[in-house]
>>> print(open('my_file_36.cif').read())   # mmCIF, C-alpha atoms and all ligand atoms
data_input
loop_
_atom_site.label_atom_id
_atom_site.label_comp_id
_atom_site.auth_asym_id
_atom_site.auth_seq_id
_atom_site.Cartn_x
_atom_site.Cartn_y
_atom_site.Cartn_z
CA MET A 1 -157.37 132.52 -10.83
CA VAL A 2 -159.52 132.37 -13.95
CA SER A 3 -157.48 132.49 -17.18
CA PHE A 4 -158.98 134.08 -20.28
CA ILE A 5 -157.19 132.63 -23.28
CA GLY A 6 -157.10 133.75 -26.89
CA ALA A 7 -157.38 130.48 -28.83
CA GLY A 8 -156.16 131.94 -32.12
CA PRO A 9 -157.95 131.89 -35.46
CA GLY A 10 -158.45 128.15 -35.95
CA ASP A 11 -155.26 126.17 -36.59
CA PRO A 12 -154.62 124.61 -33.15
CA GLU A 13 -150.89 125.22 -33.55
CA LEU A 14 -151.57 128.96 -33.53
CA LEU A 15 -152.28 128.86 -29.82
CA THR A 16 -149.62 130.42 -27.56
CA ILE A 17 -147.51 128.03 -25.48
CA LYS A 18 -148.83 129.72 -22.36
CA GLY A 19 -152.44 129.31 -23.48
CA LYS A 20 -151.92 125.66 -24.36
CA LYS A 21 -150.30 124.84 -21.01
CA LEU A 22 -153.22 126.42 -19.18
CA ILE A 23 -155.85 124.62 -21.29
CA ASP A 24 -154.11 121.28 -20.93
CA SER A 25 -153.96 121.57 -17.14
CA ALA A 26 -157.43 123.05 -16.57
CA ASP A 27 -160.17 121.33 -14.56
CA ILE A 28 -162.95 123.40 -16.14
CA ILE A 29 -162.90 124.75 -19.70
CA ILE A 30 -165.51 127.18 -21.00
CA TYR A 31 -165.06 127.77 -24.72
CA ALA A 32 -166.86 129.74 -27.39
CA GLY A 33 -168.00 126.73 -29.40
CA SER A 34 -169.32 128.66 -32.36
CA LEU A 35 -165.81 129.76 -33.39
CA VAL A 36 -163.10 128.07 -31.35
CA ASN A 37 -161.67 125.01 -33.10
CA PRO A 38 -162.41 122.04 -30.78
CA GLN A 39 -158.93 120.68 -31.65
CA VAL A 40 -157.56 123.42 -29.39
CA LEU A 41 -158.95 121.33 -26.52
CA SER A 42 -157.70 117.97 -27.75
CA ASP A 43 -155.05 117.58 -25.04
CA ALA A 44 -157.35 118.62 -22.19
CA LYS A 45 -156.82 116.73 -18.95
CA GLU A 46 -158.68 113.47 -18.49
CA GLY A 47 -161.82 114.33 -16.54
CA ALA A 48 -161.76 118.05 -17.38
CA VAL A 49 -165.29 119.41 -17.57
CA ILE A 50 -165.90 121.24 -20.84
CA TYR A 51 -168.67 123.80 -21.35
CA ASN A 52 -169.64 125.30 -24.70
CA SER A 53 -170.58 128.91 -23.99
CA ALA A 54 -172.58 129.15 -27.25
CA GLY A 55 -175.65 127.93 -25.37
CA MET A 56 -175.01 129.83 -22.14
CA ASN A 57 -175.81 133.35 -20.99
CA LEU A 58 -173.43 135.61 -19.07
CA GLU A 59 -174.85 134.62 -15.68
CA GLU A 60 -174.41 130.93 -16.46
CA VAL A 61 -170.81 131.43 -17.54
CA LEU A 62 -170.08 133.41 -14.37
CA ALA A 63 -171.76 130.78 -12.20
CA VAL A 64 -169.48 128.08 -13.63
CA MET A 65 -166.43 130.26 -12.97
CA LYS A 66 -167.51 131.07 -9.42
CA ASP A 67 -168.32 127.47 -8.57
CA GLY A 68 -164.95 126.29 -9.95
CA GLU A 69 -163.06 128.93 -7.99
CA GLU A 70 -164.86 128.03 -4.78
CA LYS A 71 -163.90 124.40 -5.23
CA GLY A 72 -160.27 125.37 -5.87
CA LEU A 73 -160.41 124.15 -9.48
CA LYS A 74 -158.50 125.68 -12.39
CA VAL A 75 -160.95 127.45 -14.73
CA VAL A 76 -160.05 128.63 -18.24
CA ARG A 77 -162.24 130.69 -20.54
CA VAL A 78 -161.28 130.18 -24.17
CA HIS A 79 -162.13 132.86 -26.72
CA THR A 80 -161.57 132.84 -30.46
CA GLY A 81 -158.68 134.87 -31.88
CA ASP A 82 -157.82 137.42 -29.21
CA PRO A 83 -160.44 138.18 -26.57
CA ALA A 84 -159.89 141.93 -26.87
CA VAL A 85 -161.51 142.07 -30.32
CA TYR A 86 -165.29 141.56 -30.28
CA GLY A 87 -164.84 139.07 -27.46
CA ALA A 88 -167.59 140.22 -25.07
CA HIS A 89 -164.75 139.84 -22.64
CA ARG A 90 -164.83 143.03 -20.59
CA GLU A 91 -168.19 142.27 -18.99
CA GLN A 92 -166.83 138.95 -17.71
CA MET A 93 -163.69 140.55 -16.29
CA ASP A 94 -165.72 143.24 -14.55
CA ALA A 95 -168.06 140.67 -13.03
CA LEU A 96 -165.11 138.66 -11.70
CA GLU A 97 -163.70 141.86 -10.28
CA ARG A 98 -166.98 142.48 -8.45
CA MET A 99 -166.96 138.91 -7.11
CA GLY A 100 -163.37 139.32 -5.92
CA ILE A 101 -162.11 136.54 -8.22
CA ALA A 102 -158.63 137.04 -9.66
CA TYR A 103 -158.14 136.60 -13.39
CA GLU A 104 -155.49 136.94 -16.09
CA VAL A 105 -155.61 137.33 -19.86
CA ILE A 106 -153.45 135.37 -22.30
CA PRO A 107 -153.55 137.03 -25.71
CA GLY A 108 -154.10 135.13 -28.94
CA VAL A 109 -153.58 135.53 -32.68
CA SER A 110 -156.57 137.50 -33.86
CA SER A 111 -158.24 136.40 -37.09
CA PHE A 112 -157.34 139.70 -38.71
CA LEU A 113 -153.66 138.85 -38.35
CA ALA A 114 -154.24 135.32 -39.60
CA ALA A 115 -156.01 136.82 -42.62
CA ALA A 116 -152.96 138.92 -43.52
CA ALA A 117 -150.79 135.82 -43.16
CA VAL A 118 -152.88 133.65 -45.46
CA LEU A 119 -153.22 136.50 -47.96
CA LYS A 120 -149.44 137.02 -47.70
CA LYS A 121 -149.94 140.79 -47.44
CA GLU A 122 -148.87 143.62 -45.13
CA TYR A 123 -151.58 146.01 -43.96
CA THR A 124 -149.27 149.00 -43.54
CA LEU A 125 -147.47 149.75 -46.80
CA PRO A 126 -145.46 152.99 -47.06
CA GLY A 127 -147.13 155.39 -49.46
CA VAL A 128 -150.37 153.37 -49.38
CA SER A 129 -151.72 153.28 -45.84
CA GLN A 130 -150.18 153.49 -42.41
CA THR A 131 -153.45 153.00 -40.57
CA VAL A 132 -155.58 149.91 -40.01
CA ILE A 133 -159.24 150.24 -39.09
CA LEU A 134 -160.91 147.25 -37.46
CA THR A 135 -164.65 147.62 -37.56
CA ARG A 136 -167.99 145.96 -38.22
CA MET A 137 -171.30 146.89 -39.74
CA GLU A 138 -174.24 147.69 -37.59
CA GLY A 139 -176.10 144.55 -36.59
CA ARG A 140 -177.91 144.11 -33.33
CA THR A 141 -175.03 146.05 -31.76
CA PRO A 142 -175.49 149.66 -32.89
CA MET A 143 -172.51 151.63 -34.18
CA PRO A 144 -171.61 154.69 -32.09
CA GLU A 145 -171.96 158.12 -33.65
CA GLY A 146 -169.11 158.86 -36.06
CA GLU A 147 -168.22 155.18 -36.56
CA LYS A 148 -170.57 154.33 -39.42
CA LEU A 149 -168.77 152.47 -42.20
CA LEU A 150 -168.93 155.46 -44.53
CA ASP A 151 -167.42 157.78 -41.89
CA LEU A 152 -164.49 155.41 -41.46
CA ALA A 153 -164.12 154.79 -45.19
CA ARG A 154 -163.38 158.45 -45.77
CA HIS A 155 -159.94 157.88 -44.24
CA GLN A 156 -158.99 155.61 -47.16
CA ALA A 157 -157.09 153.47 -44.66
CA THR A 158 -156.67 149.71 -44.74
CA MET A 159 -160.00 148.45 -43.49
CA ILE A 160 -160.87 145.12 -41.89
CA ILE A 161 -164.52 144.39 -41.34
CA PHE A 162 -165.55 141.73 -38.85
CA LEU A 163 -168.94 140.07 -38.36
CA SER A 164 -170.47 141.51 -41.50
CA VAL A 165 -169.94 139.22 -44.48
CA GLY A 166 -173.65 138.37 -44.40
CA MET A 167 -174.25 141.98 -45.46
CA ILE A 168 -171.52 142.04 -48.10
CA GLU A 169 -173.66 143.80 -50.73
CA GLU A 170 -174.47 146.72 -48.47
CA LEU A 171 -170.89 146.71 -47.19
CA ALA A 172 -169.41 146.99 -50.69
CA SER A 173 -171.91 149.57 -51.90
CA THR A 174 -171.25 151.75 -48.85
CA LEU A 175 -167.49 151.55 -49.32
CA ARG A 176 -167.85 152.39 -53.02
CA GLN A 177 -169.10 155.80 -51.93
CA ALA A 178 -165.68 156.59 -50.46
CA TYR A 179 -163.09 154.30 -52.08
CA ARG A 180 -162.52 153.90 -55.86
CA GLU A 181 -164.69 151.14 -57.31
CA ASP A 182 -161.60 149.22 -58.38
CA THR A 183 -160.10 149.25 -54.88
CA PRO A 184 -159.00 145.68 -54.18
CA ALA A 185 -160.96 143.71 -51.59
CA ALA A 186 -160.69 140.17 -50.27
CA VAL A 187 -162.84 137.96 -48.10
CA VAL A 188 -161.13 135.34 -45.98
CA TYR A 189 -163.42 132.61 -44.69
CA LYS A 190 -162.17 130.56 -41.72
CA ALA A 191 -158.56 131.69 -41.99
CA THR A 192 -156.14 128.84 -41.08
CA TRP A 193 -158.92 126.22 -40.78
CA GLU A 194 -158.82 123.20 -43.10
CA ASP A 195 -161.82 124.52 -45.03
CA GLN A 196 -160.42 128.06 -45.38
CA LYS A 197 -161.53 129.96 -48.51
CA ILE A 198 -160.19 133.17 -50.00
CA VAL A 199 -162.16 135.30 -52.44
CA ARG A 200 -160.35 138.17 -54.17
CA GLY A 201 -161.88 140.99 -56.17
CA THR A 202 -162.60 144.69 -56.09
CA LEU A 203 -165.31 146.71 -54.40
CA ARG A 204 -167.22 146.41 -57.67
CA ASP A 205 -167.41 142.60 -57.81
CA ILE A 206 -166.52 141.24 -54.37
CA ALA A 207 -170.14 140.88 -53.21
CA ASP A 208 -171.12 138.73 -56.22
CA LYS A 209 -168.02 136.57 -55.85
CA VAL A 210 -168.64 136.02 -52.14
CA LYS A 211 -172.24 135.04 -52.77
CA ALA A 212 -171.17 132.66 -55.54
CA ALA A 213 -168.72 131.06 -53.09
CA GLY A 214 -171.58 130.57 -50.61
CA ILE A 215 -169.85 132.49 -47.81
CA CYS A 216 -172.23 134.08 -45.33
CA LYS A 217 -170.43 133.92 -41.96
CA THR A 218 -167.07 133.41 -40.17
CA ALA A 219 -165.22 135.63 -42.60
CA LEU A 220 -163.36 138.90 -42.65
CA THR A 221 -163.59 141.44 -45.42
CA VAL A 222 -160.36 143.36 -46.01
CA VAL A 223 -160.23 146.41 -48.24
CA GLY A 224 -157.53 148.70 -49.50
CA ASP A 225 -154.67 149.22 -51.90
CA PHE A 226 -152.42 147.22 -49.58
CA LEU A 227 -153.79 144.27 -51.58
CA GLY A 228 -152.24 145.78 -54.72
CA ASP A 229 -148.61 145.93 -55.79
CA ASP A 230 -147.77 149.65 -55.76
CA TYR A 231 -145.93 150.88 -52.69
CA GLU A 232 -142.73 152.54 -51.55
CA LEU A 233 -139.87 150.62 -49.97
CA SER A 234 -139.57 150.97 -46.21
CA LYS A 235 -137.16 153.43 -44.64
CA LEU A 236 -136.25 150.84 -42.02
CA TYR A 237 -134.31 148.68 -44.50
CA ASP A 238 -133.29 151.48 -46.88
CA LYS A 239 -129.48 151.27 -47.17
CA THR A 240 -129.11 155.07 -47.22
CA PHE A 241 -131.20 155.61 -44.12
CA THR A 242 -129.52 155.88 -40.71
CA HIS A 243 -131.38 154.83 -37.59
CA GLU A 244 -130.68 153.80 -34.04
CA PHE A 245 -129.21 150.42 -34.93
CA ARG A 246 -127.65 150.97 -38.34
CA LYS A 247 -125.68 153.70 -40.11
CA GLY A 248 -126.84 154.41 -43.65
CA VAL A 249 -124.34 154.41 -46.53
CA GLN A 250 -123.70 157.61 -48.55
CA GLU A 251 -124.70 157.32 -52.21
N1 LIG B 1 -161.95 137.69 -31.08
C1 LIG B 1 -162.02 137.26 -32.47
C2 LIG B 1 -163.19 137.89 -33.21
C3 LIG B 1 -164.54 137.45 -32.66
S1 LIG B 1 -165.89 138.13 -33.55
C4 LIG B 1 -160.68 137.53 -33.17
O1 LIG B 1 -159.78 138.12 -32.56
O2 LIG B 1 -160.54 137.12 -34.31
C5 LIG B 1 -166.22 136.88 -34.72
C6 LIG B 1 -165.85 137.34 -36.12
O3 LIG B 1 -164.44 137.26 -36.26
C7 LIG B 1 -166.40 136.49 -37.25
O4 LIG B 1 -167.70 136.89 -37.60
C8 LIG B 1 -165.43 136.79 -38.35
O5 LIG B 1 -165.68 138.06 -38.90
C9 LIG B 1 -164.13 136.89 -37.58
N2 LIG B 1 -163.39 135.62 -37.52
C10 LIG B 1 -163.11 134.88 -36.43
N3 LIG B 1 -162.33 133.83 -36.76
C11 LIG B 1 -162.11 133.91 -38.09
C12 LIG B 1 -161.33 133.16 -39.01
N4 LIG B 1 -160.64 132.08 -38.65
N5 LIG B 1 -161.32 133.56 -40.31
C13 LIG B 1 -162.00 134.66 -40.71
N6 LIG B 1 -162.73 135.41 -39.87
C14 LIG B 1 -162.78 135.05 -38.58
#
>>> encode(input="my_file_36.cif", output="structure tokens")
Amino acid sequence: MVSFIGAGPGDPELLTIKGKKLIDSADIIIYAGSLVNPQVLSDAKEGAVIYNSAGMNLEEVLAVMKDGEEKGLKVVRVHTGDPAVYGAHREQMDALERMGIAYEVIPGVSSFLAAAAVLKKEYTLPGVSQTVILTRMEGRTPMPEGEKLLDLARHQATMIIFLSVGMIEELASTLRQAYREDTPAAVVYKATWEDQKIVRGTLRDIADKVKAAGICKTALTVVGDFLGDDYELSKLYDKTFTHEFRKGVQE
């Protein structure tokens, strides 16, 4: 059984208990070295063989998994955040399926959730936005029809843009075509790592501020009025609102 594990955003204590137990007992660990904090592996078993997938292609990763399985060794594949978000994870699962190798997936704390935590914000404010769009700008991976940044921006939803801070100028100028120029925006670099940085601004000035801070990778850009202070109180905790678990009071 190969275990795919979401390693969380960076802070090694943001790994699930299940993920940690599997990593600490693994014989073979393949981890995405460009983003996974190596401290996540600090309690690996003595003699565990550790591969950094940053320098490996898909076939090489699969060969290590297959070899480990054949020898009856415990193999774990450690992805940053949660593997389901830009993890290049599906192609590995499908290949294991074809090889008849069983696998499981242990979810992790995605960086977009860590970003909300360090910003101390909620993405879904009543009266502001009830929708969160996770997306990226077109890089070497093309964007499917209808998913260009401007198409998505028209929804005025909370938007979280992965993998694109290196194109922050183009990102901000595109979003300015759909959102107000003074829409708040923030860039979170290495959320929960020791060298985390947060840059706050608006769509008008965020690109300049990010450049001045020297941030060009490993960051999320978050955009929307959820970063502001105007919103409605939730119905869930409204004292006059009755729901399944609580009867509202009459005013
Ligand atoms: N599966 C990962 C995302 C992998 S794609 C997850 O769930 O978070 C890599 C991109 O994720 C980076 O370019 C950056 O945009 C974002 N990212 C990953 N870790 C981050 C962190 N700690 N802080 C900010 N952004 C991060």
>>> residues_near_ligand(input="my_file_36.cif", ligand="ligand LIG 1 (chain B)", cutoff="6 Å", atoms="only C-alpha atoms and all ligand atoms", output="compact mmCIF listing (two decimals) with C-alpha atoms, in the coordinates of the input")
# COMPACT_ATOMS: atom_id res chain seq x y z
CA PRO A 9 -157.95 131.89 -35.46
CA GLY A 10 -158.45 128.15 -35.95
CA THR A 80 -161.57 132.84 -30.46
CA GLY A 81 -158.68 134.87 -31.88
CA ASP A 82 -157.82 137.42 -29.21
CA PRO A 83 -160.44 138.18 -26.57
CA VAL A 85 -161.51 142.07 -30.32
CA TYR A 86 -165.29 141.56 -30.28
CA GLY A 87 -164.84 139.07 -27.46
CA SER A 110 -156.57 137.50 -33.86
CA SER A 111 -158.24 136.40 -37.09
CA PHE A 162 -165.55 141.73 -38.85
CA LEU A 163 -168.94 140.07 -38.36
CA VAL A 188 -161.13 135.34 -45.98
CA TYR A 189 -163.42 132.61 -44.69
CA LYS A 190 -162.17 130.56 -41.72
CA ALA A 191 -158.56 131.69 -41.99
CA LYS A 217 -170.43 133.92 -41.96
CA THR A 218 -167.07 133.41 -40.17
CA ALA A 219 -165.22 135.63 -42.60
CA LEU A 220 -163.36 138.90 -42.65
>>> atom_distance(input="my_file_36.cif", atom1="CA of Ala186 (chain A)", atom2="CA of Val109 (chain A)")
19.5 Å
>>> closest_residue(input="my_file_36.cif", among="A:Leu227, A:Leu134, A:Val165, A:Ile17", to="Ala207 (chain A)", atoms="only C-alpha atoms")
A:Val165
>>> closest_residue(input="my_file_36.cif", among="A:Val75, A:Ile160, A:Ile206, A:Met137", to="Tyr51 (chain A)", atoms="only C-alpha atoms")
A:Val75
>>> atom_distance(input="my_file_36.cif", atom1="CA of Glu145 (chain A)", atom2="CA of Ile161 (chain A)")
17.4 Å
>>> axis_aligned_box(input="my_file_36.cif", around="region 50-59 of chain A", padding_each_side="5 Å", output="JSON")
{"center_x": -170.9, "center_y": 128.4, "center_z": -21.5, "size_x": 19.9, "size_y": 24.4, "size_z": 21.6}
>>> atom_distance(input="my_file_36.cif", atom1="CA of Asp205 (chain A)", atom2="CA of Val187 (chain A)")
11.7 Å
>>> closest_residue(input="my_file_36.cif", among="A:Asp195, A:Met167, A:Arg200, A:Glu244", to="Thr183 (chain A)", atoms="only C-alpha atoms")
A:Arg200
>>> closest_residue(input="my_file_36.cif", among="A:Ile106, A:Met56, A:Val223, A:Ala178", to="Ile133 (chain A)", atoms="only C-alpha atoms")
A:Val223
>>> closest_residue(input="my_file_36.cif", among="A:Phe4, A:Gly100, A:Ala157, A:Leu119", to="Gln196 (chain A)", atoms="only C-alpha atoms")
A:Leu119
>>> closest_residue(input="my_file_36.cif", among="A:Ala54, A:Val2, A:Val128, A:Val118", to="Gly72 (chain A)", atoms="all atoms listed in the file")
A:Val2
>>> residues_near_point(input="my_file_36.cif", point="(-153.2, 123.4, -13.6)", cutoff="10 Å", atoms="all atoms listed in the file", output="number ranges by chain")
A: 21-27, 45, 73-76
>>> residues_around(input="my_file_36.cif", residues="Cys216 (chain A)", least_positions_apart="4", cutoff="8 Å", atoms="all atoms listed in the file", output="count of residues only")
4
>>> residues_near_point(input="my_file_36.cif", point="(-145.4, 152.9, -49.4)", cutoff="8 Å", atoms="all atoms listed in the file", output="list in words")
Leu125, Pro126, Gly127, Val128, Ser129, Asp230, Tyr231, Glu232, Leu233 and Ser234 of chain A
>>> residues_around(input="my_file_36.cif", residues="region 34-38 of chain A", least_positions_apart="2", cutoff="9 Å", atoms="all atoms listed in the file", output="list of chain:residue names")
A:Ala7, A:Gly8, A:Pro9, A:Gly10, A:Asp11, A:Pro12, A:Tyr31, A:Ala32, A:Val40, A:Leu41, A:Ser42, A:Asn52, A:Ser53, A:Ala54, A:Val78, A:His79, A:Thr80, A:Gly81, A:Trp193, A:Thr218
